[in-house]
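> Below is a structure I'd like to ask you about.
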Amino acid sequence: MVNDNMKIVVLAGGISTERDVSLVTGSMIYKALVNKGHQVMLLDVYLGYEEDNYKDIFSVKRDWSEKIGAISSQNPDISQVKAMRKDNPECVIGPHVIDICSQADIVFLALHGQNGEDGKIQAMFDLLDIKYTGTNYLSSALAMDKAISKELFVKYNIPTPKGITVVEGEKICWNSFPCIVKVNCGGSSVGVYKAINEKELEEALEKAFTFEKRVLIEEFIEGREFSIGVIDGKALPIIEIAPKVGFYDYKNKYQAGSAIETCPAELPQNVTKAMQECAEKVYDALRLCTYVRMDFRMDSDFNFYCLEANTLPGMTPTSLLPQEAAAVGIDFAGLCEKIIDISMKKYQA
């Protein structure tokens with residue numbers, strides 16, 4: 001069980017396209033853990049902390065979440081964030097981040113996207129003997145790379161949409177519509193586009209290549225969208241997401257009221273069991289541990305397909321994992337402590 005009055009750094013922010021989501025996730029976790037009686041600091045991994053009292057940060061009495069706002073319907077302007085750095089703006093680790101994280105009993109990773117969910121932070125913390133929540137560096141990297149994830153899904157007979165990986169500048173052969181274009185290492189549906197013909201495909205690829213030089217084209221599964229959280233290898237209840245307009249893009253994910261979410265999802269019992277077992281199979285195939293969330297789509301014949309795994313699921317007011325946990329009687333603060341408890345097991349071997 002989680003010890004009383006732990007020293008916890010909630011690490012959020014960064015300079016990925018999911019920066020705003022990460023900050024709100026971090027703010028929610030921070031408040032929940034403070035209310036549980038822990039000594040908690042909310043720290044932006046990119047901007048860091050520049051005051052001289054960083055060596056004894058847990059003695060500083062401050063509401064570290066007071067400047068965190070709501071998630072905008074638009075992607076954050078990373079150039080504006082970089083302009084706020086007084087030292088090297090190209091370094092993803094801000095002033096005194098390592099010093100502060102080293103003082104904590106554990107770092108709660110509230111990061112999303114590149115330089116947070118891709119295993120780099122996890123590998124760095126492993127080298128520095130800093131404990132952190134979530135899966136390890138290897139499984140983070142495997143899950144973050146959608147092309148590699150898809151190869152492992154195929155190897156382990158996990159149903160997934162047919163698709164190809166393309167690199168900017170190469171000739172593309174694709175003639176199945178509608179289709180989905182998405183960046184290889186993104187998240188929160190940033191850089192994800194639906195195309196219904198060749199012209200729209202060209203436009204979608206042009207947009208996606210502004211984020212990354214390697215993207216995926218996948219068949220679009222007409223039907224329903226679902227998500228399944230897996231904690232310590234066991235699947236939570238399934239949640240169904242039905243956007244009111246369009247598909248489940250960045251805006252529909254994070255703007256309250258943009259989607260109807262039903263948990264537990266209304267599905268035949270045998271389908272529910274099969275999809276949950278599939279989520280657990282993905283957990284094993286990607287060598288994951290602690291907690292994760294899988295995204296699925298299902299056609300009208302109840303055939304389901306795994307789209308991807310999210311190793312640091314969002315914990316915002318509209319996020320899916322907290323809703324799934326609530327369906328089995330785990331409130332938000334209890335979920336945060338459960339994640340810490342399970343994560344600490346990594347260090348008990």
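Residues in the structure tokens are numbered from 1 in each chain, the chains being A, B, ... in the order shown, and ligands are numbered from 1 in the order shown.
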Taking 6 positions as the minimum chain separation for residues in the same chain, which residues sit within 9 Å of Asn136 (chain A) when counting only C-alpha atoms? Answer as JSON, numbers by chain.
{"A": [119, 122, 123, 126, 287, 288, 289, 346]}
> Keeping N, CA, C and O atoms for every residue in the selection just given, could you write it to a file as a short mmCIF file (atom, residue, chain, number, x, y, z; two decimals), in the first residue's frame?

```cif
data_model
loop_
_atom_site.label_atom_id
_atom_site.label_comp_id
_atom_site.auth_asym_id
_atom_site.auth_seq_id
_atom_site.Cartn_x
_atom_site.Cartn_y
_atom_site.Cartn_z
N GLY A 119 9.72 6.68 -23.64
CA GLY A 119 10.74 5.92 -22.94
C GLY A 119 12.01 6.66 -22.61
O GLY A 119 12.83 6.17 -21.83
N GLN A 122 11.99 7.76 -18.95
CA GLN A 122 12.06 6.55 -18.13
C GLN A 122 13.49 5.99 -18.10
O GLN A 122 13.98 5.59 -17.04
N ALA A 123 14.14 5.96 -19.26
CA ALA A 123 15.52 5.46 -19.32
C ALA A 123 16.46 6.34 -18.50
O ALA A 123 17.34 5.84 -17.78
N ASP A 126 15.92 5.63 -14.86
CA ASP A 126 16.52 4.35 -14.49
C ASP A 126 18.01 4.51 -14.22
O ASP A 126 18.55 3.98 -13.25
N ARG A 287 5.01 -5.84 -23.79
CA ARG A 287 5.86 -5.94 -22.59
C ARG A 287 5.55 -4.85 -21.57
O ARG A 287 6.45 -4.30 -20.90
N LEU A 288 4.27 -4.50 -21.44
CA LEU A 288 3.87 -3.40 -20.57
C LEU A 288 3.79 -3.84 -19.12
O LEU A 288 3.68 -5.03 -18.81
N CYS A 289 3.81 -2.85 -18.23
CA CYS A 289 3.59 -3.12 -16.81
C CYS A 289 2.89 -1.92 -16.18
O CYS A 289 2.76 -0.87 -16.80
N LYS A 346 7.77 -2.33 -9.20
CA LYS A 346 8.89 -2.48 -10.13
C LYS A 346 10.22 -2.49 -9.40
O LYS A 346 11.21 -3.05 -9.89
#
```
> Please build the interface table for region 208-243 of chain A against region 268-284 of chain A with a cut-off of 8 Å, listing for each qualifying residue the nearest atom pair and the distance in Å to one decimal; count only C-alpha atoms, order rows by chain and increasing number, and write it as JSON lines.

```
{"residue": "A:Ile228", "atom": "CA", "partner": "A:Ala279", "partner_atom": "CA", "distance": 6.8}
{"residue": "A:Gly229", "atom": "CA", "partner": "A:Ala279", "partner_atom": "CA", "distance": 8.0}
{"residue": "A:Val230", "atom": "CA", "partner": "A:Glu280", "partner_atom": "CA", "distance": 6.8}
{"residue": "A:Gly233", "atom": "CA", "partner": "A:Glu280", "partner_atom": "CA", "distance": 6.1}
{"residue": "A:Lys234", "atom": "CA", "partner": "A:Glu280", "partner_atom": "CA", "distance": 6.4}
{"residue": "A:Ala235", "atom": "CA", "partner": "A:Gln276", "partner_atom": "CA", "distance": 5.6}
{"residue": "A:Leu236", "atom": "CA", "partner": "A:Gln276", "partner_atom": "CA", "distance": 7.7}
{"residue": "A:Pro237", "atom": "CA", "partner": "A:Gln276", "partner_atom": "CA", "distance": 7.9}
{"residue": "A:Ile238", "atom": "CA", "partner": "A:Thr272", "partner_atom": "CA", "distance": 7.3}
```
> Taking into account only C-alpha atoms, which residue in the set A:Glu222, A:Glu50, A:Glu266, A:Asp44 is nearest to Gly116 (chain A)?
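Looking at the shortest contact to Gly116 (chain A), the residue is A:Asp44.
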> Excluding Ser102 (chain A) and residues on its chain fewer than 3 positions from it, collect all residues at most 9 Å away from it, counting only C-alpha atoms, and give them as a ChimeraX atom specification.
/A:97-99,105-107,128-131
> Take the residues that were just selected and, keeping N, CA and C atoms, output them as a short mmCIF file (atom, residue, chain, number, x, y, z; two decimals), in the first residue's frame.

```cif
data_model
loop_
_atom_site.label_atom_id
_atom_site.label_comp_id
_atom_site.auth_asym_id
_atom_site.auth_seq_id
_atom_site.Cartn_x
_atom_site.Cartn_y
_atom_site.Cartn_z
N VAL A 97 15.39 20.16 -12.67
CA VAL A 97 14.39 19.08 -12.72
C VAL A 97 14.95 17.81 -12.08
N ILE A 98 16.17 17.44 -12.44
CA ILE A 98 16.76 16.23 -11.89
C ILE A 98 16.98 16.37 -10.39
N ASP A 99 17.47 17.53 -9.95
CA ASP A 99 17.70 17.76 -8.51
C ASP A 99 16.41 17.57 -7.71
N ASP A 105 10.12 10.46 -3.25
CA ASP A 105 9.99 9.01 -3.08
C ASP A 105 9.64 8.36 -4.42
N ILE A 106 8.87 9.09 -5.23
CA ILE A 106 8.50 8.63 -6.57
C ILE A 106 8.08 9.83 -7.40
N VAL A 107 8.30 9.75 -8.70
CA VAL A 107 7.85 10.78 -9.64
C VAL A 107 6.62 10.23 -10.36
N LEU A 128 19.53 7.17 -13.28
CA LEU A 128 19.75 8.03 -12.12
C LEU A 128 19.13 7.48 -10.83
N ASP A 129 18.55 6.28 -10.92
CA ASP A 129 17.93 5.63 -9.77
C ASP A 129 16.81 6.49 -9.18
N ILE A 130 15.98 7.05 -10.07
CA ILE A 130 14.81 7.82 -9.67
C ILE A 130 13.57 6.97 -9.96
N LYS A 131 12.77 6.73 -8.96
CA LYS A 131 11.56 5.91 -9.13
C LYS A 131 10.47 6.72 -9.83
#
```
> A:Leu267, A:Val215, A:Lys36, A:Leu142: which is nearest Gly169 (chain A), counting only C-alpha atoms?
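Comparing A:Leu267, A:Val215, A:Lys36, A:Leu142 against Gly169 (chain A), the winner is A:Val215.
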> Using only C-alpha atoms, which residues sit within 9 Å of Phe332 (chain A) once same-chain residues fewer than 2 positions away are excluded, as an mmCIF file with C-alpha atoms, in the first residue's frame?

```
data_model
loop_
_atom_site.group_PDB
_atom_site.id
_atom_site.type_symbol
_atom_site.label_atom_id
_atom_site.label_comp_id
_atom_site.auth_asym_id
_atom_site.auth_seq_id
_atom_site.Cartn_x
_atom_site.Cartn_y
_atom_site.Cartn_z
ATOM 1 C CA MET A 28 -5.590 16.925 -11.421
ATOM 2 C CA ILE A 29 -3.141 14.339 -10.058
ATOM 3 C CA ALA A 32 -5.769 14.582 -5.621
ATOM 4 C CA MET A 315 -6.077 12.032 -16.286
ATOM 5 C CA PRO A 322 -10.670 7.572 -14.451
ATOM 6 C CA GLN A 323 -14.201 6.902 -15.722
ATOM 7 C CA ALA A 325 -11.905 2.991 -12.693
ATOM 8 C CA ALA A 326 -14.955 4.727 -11.220
ATOM 9 C CA ILE A 330 -12.172 3.429 -7.563
ATOM 10 C CA GLY A 334 -7.758 6.245 -5.110
ATOM 11 C CA LEU A 335 -6.735 5.597 -8.716
ATOM 12 C CA CYS A 336 -3.705 7.877 -8.360
ATOM 13 C CA GLU A 337 -2.589 6.058 -5.219
#
```
> I need the residue nearest Gly134 (chain A) from this list: A:Glu308, A:Asp232, A:Glu324, A:Glu198. Use only C-alpha atoms for the distance.
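Under the stated criterion, the closest residue is A:Asp232.
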> Using only C-alpha atoms, which residue out of A:Ile158, A:Thr135, A:Glu225, A:Phe209 lies closest to Ile339 (chain A)?
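Of A:Ile158, A:Thr135, A:Glu225, A:Phe209, the one nearest Ile339 (chain A) is A:Thr135, counting only C-alpha atoms.
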> Rounded to one decimal in Å, what is the spacing between CA of Val60 (chain A) and CA of Val24 (chain A)?
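Computing the Euclidean distance for CA of Val60 (chain A) and CA of Val24 (chain A) yields 21.7 Å.
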> Counting only C-alpha atoms, which residue out of A:Cys91, A:Ala242, A:Ala285, A:Ala104 sits closest to Lys55 (chain A)?
A:Ala104
> Any idea what's packed within 6 Å of Val181 (chain A), counting only C-alpha atoms, ignoring anything in its chain fewer than 6 positions away? Could you give it as a list in words?
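The residues that qualify are Val192, Tyr193, Leu216 and Ile217 of chain A.
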> Suppose you want the space between CA of Ile231 (chain A) and CA of Ser149 (chain A); what is it in Å?
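Spanning CA of Ile231 (chain A) to CA of Ser149 (chain A) is a straight-line distance of 19.2 Å.
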> Pull the strand (DSSP E) assignments for region 120-307 of chain A out of DSSP run on the backbone, and list those residues as a PyMOL selection string.
chain A and resi 163-167+179-183+192-195+214-219+224-231+234-235+239-243+259-262+291-298+304-307
> Out of A:Val34, A:Leu286, A:Val45, A:Ala83, which residue has the shortest atom-to-atom distance to Arg62 (chain A) when counting only C-alpha atoms?
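Closest residue, counting only C-alpha atoms: A:Val34.
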> Would you list, as a PyMOL selection string, the residues of region 63-303 of chain A that end up in alpha helix (DSSP H) under DSSP run on this structure's backbone?
chain A and resi 78-82+97-102+120-128+137-144+146-155+198-208+250-254+269-285
> Can you pull out every residue within 12 Å of Gln80 (chain A), counting only C-alpha atoms, but drop anything in the same chain fewer than 6 positions away, and send it as a list in words?
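Selected residues are Ile15, Leu47 and Pro89 of chain A.
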> Kindly save the residues from that selection, with all heavy atoms included, as a JSON list (two decimals), in the first residue's frame.

```json
[["chain", "number", "residue", "atom", "x", "y", "z"],
["A", 15, "ILE", "N", 7.42, 19.81, -24.20],
["A", 15, "ILE", "CA", 7.24, 20.56, -25.45],
["A", 15, "ILE", "C", 6.68, 19.69, -26.57],
["A", 15, "ILE", "O", 6.88, 19.96, -27.74],
["A", 15, "ILE", "CB", 8.57, 21.21, -25.91],
["A", 15, "ILE", "CG1", 9.71, 20.19, -25.93],
["A", 15, "ILE", "CG2", 8.91, 22.40, -25.03],
["A", 15, "ILE", "CD1", 11.00, 20.73, -26.53],
["A", 47, "LEU", "N", 10.20, 23.71, -18.41],
["A", 47, "LEU", "CA", 10.51, 25.01, -17.80],
["A", 47, "LEU", "C", 11.27, 24.87, -16.49],
["A", 47, "LEU", "O", 12.00, 25.79, -16.10],
["A", 47, "LEU", "CB", 9.22, 25.81, -17.58],
["A", 47, "LEU", "CG", 8.47, 26.20, -18.87],
["A", 47, "LEU", "CD1", 7.21, 26.99, -18.50],
["A", 47, "LEU", "CD2", 9.35, 27.01, -19.80],
["A", 89, "PRO", "N", 17.06, 26.60, -24.92],
["A", 89, "PRO", "CA", 15.68, 26.21, -25.23],
["A", 89, "PRO", "C", 15.56, 24.86, -25.93],
["A", 89, "PRO", "O", 14.47, 24.31, -26.03],
["A", 89, "PRO", "CB", 15.21, 27.35, -26.16],
["A", 89, "PRO", "CG", 16.45, 27.86, -26.79],
["A", 89, "PRO", "CD", 17.52, 27.74, -25.74]]
```
